$ cat input.tsv   # TSV, C-alpha atoms
chain	number	residue	atom	x	y	z
A	118	MET	CA	1.50	17.89	39.20
A	119	LEU	CA	-0.18	19.98	36.52
A	120	LEU	CA	1.86	20.99	33.51
A	121	ASP	CA	2.09	24.75	33.06
A	122	PRO	CA	1.25	25.29	29.37
A	123	LEU	CA	3.37	28.45	29.15
A	124	ASN	CA	6.44	26.70	30.55
A	125	ALA	CA	5.75	23.82	28.16
A	126	VAL	CA	5.95	26.31	25.26
A	127	THR	CA	9.37	27.54	26.41
A	128	GLU	CA	10.71	23.99	26.77
A	129	ASP	CA	9.48	23.07	23.28
A	130	LEU	CA	11.09	26.18	21.78
A	131	LYS	CA	14.42	25.21	23.35
A	132	ASN	CA	14.15	21.56	22.37
A	133	ASN	CA	13.47	22.45	18.73
A	134	GLY	CA	16.03	25.23	18.36
A	135	ILE	CA	13.61	28.17	18.06
A	136	ILE	CA	15.59	29.36	21.06
A	137	PRO	CA	18.31	30.39	20.02
A	138	ASP	CA	17.71	30.41	16.22
A	139	VAL	CA	14.92	33.03	16.38
A	140	ILE	CA	14.49	33.96	20.05
A	141	PRO	CA	17.68	34.91	21.91
A	142	VAL	CA	18.75	32.90	24.96
A	143	ASP	CA	19.30	36.11	26.92
A	144	PRO	CA	17.16	37.57	28.30
A	145	PRO	CA	15.23	34.34	29.00
A	146	PHE	CA	11.84	34.23	27.26
A	147	HIS	CA	8.76	33.58	29.40
A	148	PRO	CA	5.52	33.53	27.35
A	149	LYS	CA	2.66	35.63	28.67
A	150	ALA	CA	0.03	34.34	26.23
A	151	LEU	CA	-0.87	31.18	24.36
A	152	LEU	CA	-1.00	31.87	20.62
A	153	VAL	CA	-3.44	29.95	18.42
A	154	VAL	CA	-2.88	30.09	14.66
A	155	THR	CA	-5.54	28.61	12.34
A	156	PHE	CA	-5.40	28.60	8.56
A	157	PRO	CA	-8.51	28.84	6.30
A	158	THR	CA	-8.05	25.09	5.64
A	159	ASN	CA	-8.86	24.56	9.38
A	160	GLN	CA	-5.28	23.40	9.97
A	161	GLU	CA	-3.64	24.75	13.14
A	162	ALA	CA	-0.06	25.44	14.11
A	163	LEU	CA	0.60	23.17	17.10
A	164	LEU	CA	4.18	23.83	18.25
A	165	GLY	CA	5.97	22.12	15.41
A	166	ASN	CA	3.36	19.98	13.71
A	167	THR	CA	3.86	19.36	9.98
A	168	LEU	CA	1.56	21.19	7.57
A	169	THR	CA	1.66	21.39	3.78
A	170	LYS	CA	2.15	24.30	1.40
A	171	THR	CA	-1.54	23.91	0.49
A	172	ASP	CA	-2.59	24.01	4.16
A	173	THR	CA	-0.74	27.28	4.69
A	174	ALA	CA	-1.28	29.02	1.33
A	175	ASP	CA	-3.52	31.76	2.77
A	176	GLU	CA	-3.13	34.14	5.70
A	177	PRO	CA	-4.18	32.54	9.01
A	178	THR	CA	-6.49	33.73	11.75
A	179	VAL	CA	-4.78	34.36	15.07
A	180	MET	CA	-6.15	34.15	18.60
A	181	PHE	CA	-4.33	34.61	21.89
A	182	THR	CA	-5.10	34.31	25.57
A	183	PRO	CA	-5.26	37.57	27.53
A	184	VAL	CA	-1.86	38.97	28.45
A	185	PRO	CA	-1.61	39.55	32.23
A	186	ASP	CA	-1.33	43.12	33.53
A	187	VAL	CA	-2.18	44.67	30.17
A	188	THR	CA	-5.07	47.01	29.39
A	189	ASP	CA	-7.78	46.04	26.93
A	190	GLU	CA	-6.48	48.80	24.64
A	191	ALA	CA	-3.06	47.19	24.18
A	192	THR	CA	-1.90	46.61	20.61
A	193	TYR	CA	0.41	43.95	19.25
A	194	THR	CA	2.66	43.20	16.30
A	195	LEU	CA	2.45	39.79	14.65
A	196	VAL	CA	5.41	38.29	12.78
A	197	MET	CA	5.99	35.07	10.83
A	198	THR	CA	9.57	34.16	10.00
A	199	ASP	CA	11.53	31.17	8.63
A	200	PRO	CA	14.96	30.60	10.21
A	201	ASP	CA	15.67	27.70	7.85
A	202	ALA	CA	16.16	29.55	4.56
A	203	PRO	CA	17.15	28.07	2.25
A	204	SER	CA	17.56	25.03	4.57
A	205	ARG	CA	18.19	24.27	8.22
A	206	ALA	CA	21.51	22.68	7.26
A	207	ASN	CA	22.55	25.84	5.36
A	208	PRO	CA	20.59	28.81	6.77
A	209	LYS	CA	22.48	31.47	4.82
A	210	PHE	CA	19.29	33.53	4.33
A	211	ARG	CA	18.15	33.24	8.00
A	212	GLU	CA	15.59	34.66	8.66
A	213	TRP	CA	13.10	34.89	5.81
A	214	ARG	CA	10.41	37.46	6.70
A	215	HIS	CA	6.98	36.08	5.76
A	216	TRP	CA	4.53	38.40	7.52
A	217	VAL	CA	4.52	41.52	9.71
A	218	VAL	CA	1.29	43.12	10.95
A	219	THR	CA	1.04	45.96	13.47
A	220	GLY	CA	-1.96	47.27	15.40
A	221	VAL	CA	-3.28	43.79	16.26
A	222	LYS	CA	-5.89	43.88	19.03
A	223	ALA	CA	-7.53	41.30	21.22
A	224	PRO	CA	-11.24	40.98	20.40
A	225	PRO	CA	-13.65	43.18	22.36
A	226	THR	CA	-15.64	41.53	25.14
A	227	SER	CA	-18.83	41.71	23.05
A	228	ALA	CA	-17.20	39.63	20.30
A	229	VAL	CA	-15.89	37.07	22.80
A	230	GLU	CA	-19.42	36.66	24.17
A	231	GLU	CA	-20.47	35.72	20.62
A	232	ASN	CA	-17.57	33.21	20.35
A	233	ASP	CA	-15.65	35.43	17.91
A	234	ILE	CA	-12.27	35.23	19.59
A	235	ALA	CA	-10.07	36.05	16.60
A	236	ALA	CA	-7.59	38.88	17.05
A	237	GLN	CA	-8.46	42.01	15.09
A	238	LEU	CA	-6.04	43.15	12.40
A	239	THR	CA	-6.69	46.90	12.45
A	240	LYS	CA	-4.07	47.96	9.91
A	241	PRO	CA	-2.88	46.71	6.51
A	242	ALA	CA	0.10	44.36	6.79
A	243	VAL	CA	3.52	46.04	6.79
A	244	THR	CA	4.85	42.86	5.18
A	245	PRO	CA	1.99	41.08	3.35
A	246	TYR	CA	1.64	37.36	4.03
A	247	TYR	CA	4.01	35.28	1.91
A	248	PRO	CA	3.10	31.59	2.19
A	249	PRO	CA	5.64	28.90	3.02
A	250	ALA	CA	7.50	27.75	-0.10
A	251	PRO	CA	10.47	25.68	1.04
A	252	PRO	CA	12.67	24.73	-1.92
A	253	PRO	CA	12.58	21.07	-3.00
A	254	GLY	CA	15.02	18.87	-1.13
A	255	THR	CA	15.53	21.30	1.78
A	256	GLU	CA	13.66	19.12	4.29
A	257	LYS	CA	11.87	20.67	7.27
A	258	HIS	CA	11.47	24.42	7.59
A	259	ARG	CA	10.23	25.90	10.87
A	260	TYR	CA	7.77	28.76	10.44
A	261	VAL	CA	7.71	30.77	13.65
A	262	ILE	CA	4.82	33.07	14.59
A	263	LEU	CA	5.71	35.72	17.15
A	264	LEU	CA	3.32	38.01	19.03
A	265	TYR	CA	4.87	41.21	20.41
A	266	GLN	CA	3.26	43.80	22.65
A	267	GLU	CA	3.69	47.25	21.13
A	268	PRO	CA	5.12	50.11	23.21
A	269	ASN	CA	2.00	52.27	22.70
A	270	ALA	CA	-1.24	52.43	20.74
A	271	ASP	CA	0.24	54.91	18.23
A	272	PHE	CA	3.02	52.50	17.24
A	273	SER	CA	3.80	52.21	13.55
A	274	ILE	CA	6.67	51.08	11.35
A	275	PRO	CA	8.39	53.98	9.53
A	276	ALA	CA	7.65	54.36	5.82
A	277	ASP	CA	11.30	53.75	4.89
A	278	ALA	CA	11.75	50.66	7.10
A	279	SER	CA	13.12	47.45	5.57
A	280	GLU	CA	9.93	45.65	6.67
A	281	ARG	CA	8.07	47.64	4.00
A	282	LYS	CA	10.35	46.37	1.22
A	283	ASN	CA	8.59	43.19	0.21
A	284	GLU	CA	10.16	41.77	-2.92
A	285	PRO	CA	11.55	38.28	-2.22
A	286	ALA	CA	15.15	39.55	-2.30
A	287	ASN	CA	14.28	42.07	0.46
A	288	ARG	CA	12.77	39.46	2.77
A	289	LYS	CA	15.90	37.36	3.34
A	290	ASN	CA	18.49	37.83	6.12
A	291	TRP	CA	16.00	39.57	8.39
A	292	ASN	CA	16.16	39.29	12.19
A	293	ALA	CA	12.99	39.31	14.29
A	294	ALA	CA	14.82	39.88	17.59
A	295	GLU	CA	16.71	42.89	16.21
A	296	PHE	CA	13.46	44.24	14.73
A	297	ALA	CA	11.79	43.93	18.15
A	298	ASP	CA	14.68	45.60	19.97
A	299	LYS	CA	14.78	48.47	17.48
A	300	HIS	CA	11.08	49.21	17.92
A	301	GLY	CA	10.64	48.51	21.65
A	302	LEU	CA	8.47	45.43	21.08
A	303	LYS	CA	8.06	42.90	23.90
A	304	LEU	CA	7.65	39.23	22.94
A	305	VAL	CA	4.60	37.73	24.68
A	306	GLY	CA	3.60	34.66	22.63
A	307	VAL	CA	5.04	32.17	20.14
A	308	ASN	CA	3.84	29.25	18.05
A	309	TYR	CA	5.30	27.48	15.03
A	310	PHE	CA	4.71	24.80	12.45
A	311	VAL	CA	6.84	22.88	9.96
A	312	VAL	CA	6.55	22.59	6.17
A	313	VAL	CA	8.79	20.12	4.35
A	314	GLY	CA	10.62	21.17	1.18
A	315	GLU	CA	9.86	18.20	-1.10
$ encode --input "input.tsv" --output "structure tokens"
Amino acid sequence: MLLDPLNAVTEDLKNNGIIPDVIPVDPPFHPKALLVVTFPTNQEALLGNTLTKTDTADEPTVMFTPVPDVTDEATYTLVMTDPDAPSRANPKFREWRHWVVTGVKAPPTSAVEENDIAAQLTKPAVTPYYPPAPPPGTEKHRYVILLYQEPNADFSIPADASERKNEPANRKNWNAAEFADKHGLKLVGVNYFVVVGE
């Protein structure tokens, strides 16, 4: 029997607490796309592999498989969040918002034919990328990358939204699921990696 890679993602998310720590149990999450996250150091997020602060210091490139029953003009929001702030044992700052980008598009067919399959970031980040920086002694932090389908191509985050307040103190105690519900975003893909606070 062949393993369904999308079902394998869901099982991994449950086994490692991403469901329910970041993604609610209800309604059940069924991925529609595989999400590939590659850092400039050529290190990839591979559903919970351990990377270093150096590996993840700069904003990654993101690729994703086509989402079924969606037009080529669909746009997406990309989020990176840490549910283990300041530690998994004491997540009093859950979640720490690391990155929010709207207006993400799948590459055009012409780019795919040239092997350029990176998603296109068409707008400046709402929350600029803040690299993993787990405090010393806080052990493993899970950094979760979420891909949401936007409700329409004109989607944007309001100018006064909390996601635009990007000082460190403003990034803590955020909630990706509440953010998605508020803005009509539909979760379609997830990946994550771990960085150890040493």
$ closest_residue --input "input.tsv" --among "A:Val221, A:Val196, A:Leu264, A:Ala125" --to "Pro245 (chain A)" --atoms "all atoms listed in the file"
A:Val196
$ closest_residue --input "input.tsv" --among "A:Gly165, A:Gly220, A:Pro208, A:Gly254" --to "Val307 (chain A)" --atoms "all atoms listed in the file"
A:Gly165
$ atom_distance --input "input.tsv" --atom1 "CA of Thr219 (chain A)" --atom2 "CA of Glu176 (chain A)"
14.7 Å
$ closest_residue --input "input.tsv" --among "A:Lys240, A:Lys303, A:Lys222, A:Lys209" --to "Val179 (chain A)" --atoms "only C-alpha atoms"
A:Lys222
$ residues_around --input "input.tsv" --residues "Pro203 (chain A)" --least-positions-apart "5" --cutoff "10 Å" --atoms "all atoms listed in the file" --output "list of chain:residue names"
A:Pro208, A:Lys209, A:Phe210, A:Arg211, A:Glu212, A:Trp213, A:Ala250, A:Pro251, A:Pro252, A:Pro253, A:Thr255, A:Glu256, A:His258, A:Lys289, A:Gly314
$ residues_near_point --input "input.tsv" --point "(-1.3, 44.1, 5.5)" --cutoff "9 Å" --atoms "only C-alpha atoms" --output "mmCIF file with C-alpha atoms, keeping the file's coordinate frame"
data_model
loop_
_atom_site.group_PDB
_atom_site.id
_atom_site.type_symbol
_atom_site.label_atom_id
_atom_site.label_comp_id
_atom_site.auth_asym_id
_atom_site.auth_seq_id
_atom_site.Cartn_x
_atom_site.Cartn_y
_atom_site.Cartn_z
ATOM 1 C CA TRP A 216 4.530 38.400 7.520
ATOM 2 C CA VAL A 217 4.520 41.520 9.710
ATOM 3 C CA VAL A 218 1.290 43.120 10.950
ATOM 4 C CA THR A 219 1.040 45.960 13.470
ATOM 5 C CA LEU A 238 -6.040 43.150 12.400
ATOM 6 C CA LYS A 240 -4.070 47.960 9.910
ATOM 7 C CA PRO A 241 -2.880 46.710 6.510
ATOM 8 C CA ALA A 242 0.100 44.360 6.790
ATOM 9 C CA VAL A 243 3.520 46.040 6.790
ATOM 10 C CA THR A 244 4.850 42.860 5.180
ATOM 11 C CA PRO A 245 1.990 41.080 3.350
ATOM 12 C CA TYR A 246 1.640 37.360 4.030
#
$ closest_residue --input "input.tsv" --among "A:Asn269, A:Asn290, A:Ser204, A:Asn124" --to "Lys149 (chain A)" --atoms "only C-alpha atoms"
A:Asn124
$ residues_around --input "input.tsv" --residues "region 131-143 of chain A" --least-positions-apart "6" --cutoff "7 Å" --atoms "all atoms listed in the file" --output "PyMOL selection string"
chain A and resi 200+293-294
$ closest_residue --input "input.tsv" --among "A:Asn287, A:His147, A:Arg259, A:Ile234" --to "Tyr309 (chain A)" --atoms "all atoms listed in the file"
A:Arg259
$ atom_distance --input "input.tsv" --atom1 "CA of Phe310 (chain A)" --atom2 "CA of Pro285 (chain A)"
21.1 Å
$ closest_residue --input "input.tsv" --among "A:Lys299, A:Lys282, A:His215, A:Arg288" --to "Leu263 (chain A)" --atoms "all atoms listed in the file"
A:His215
$ atom_distance --input "input.tsv" --atom1 "CA of Pro145 (chain A)" --atom2 "CA of Ala206 (chain A)"
25.5 Å
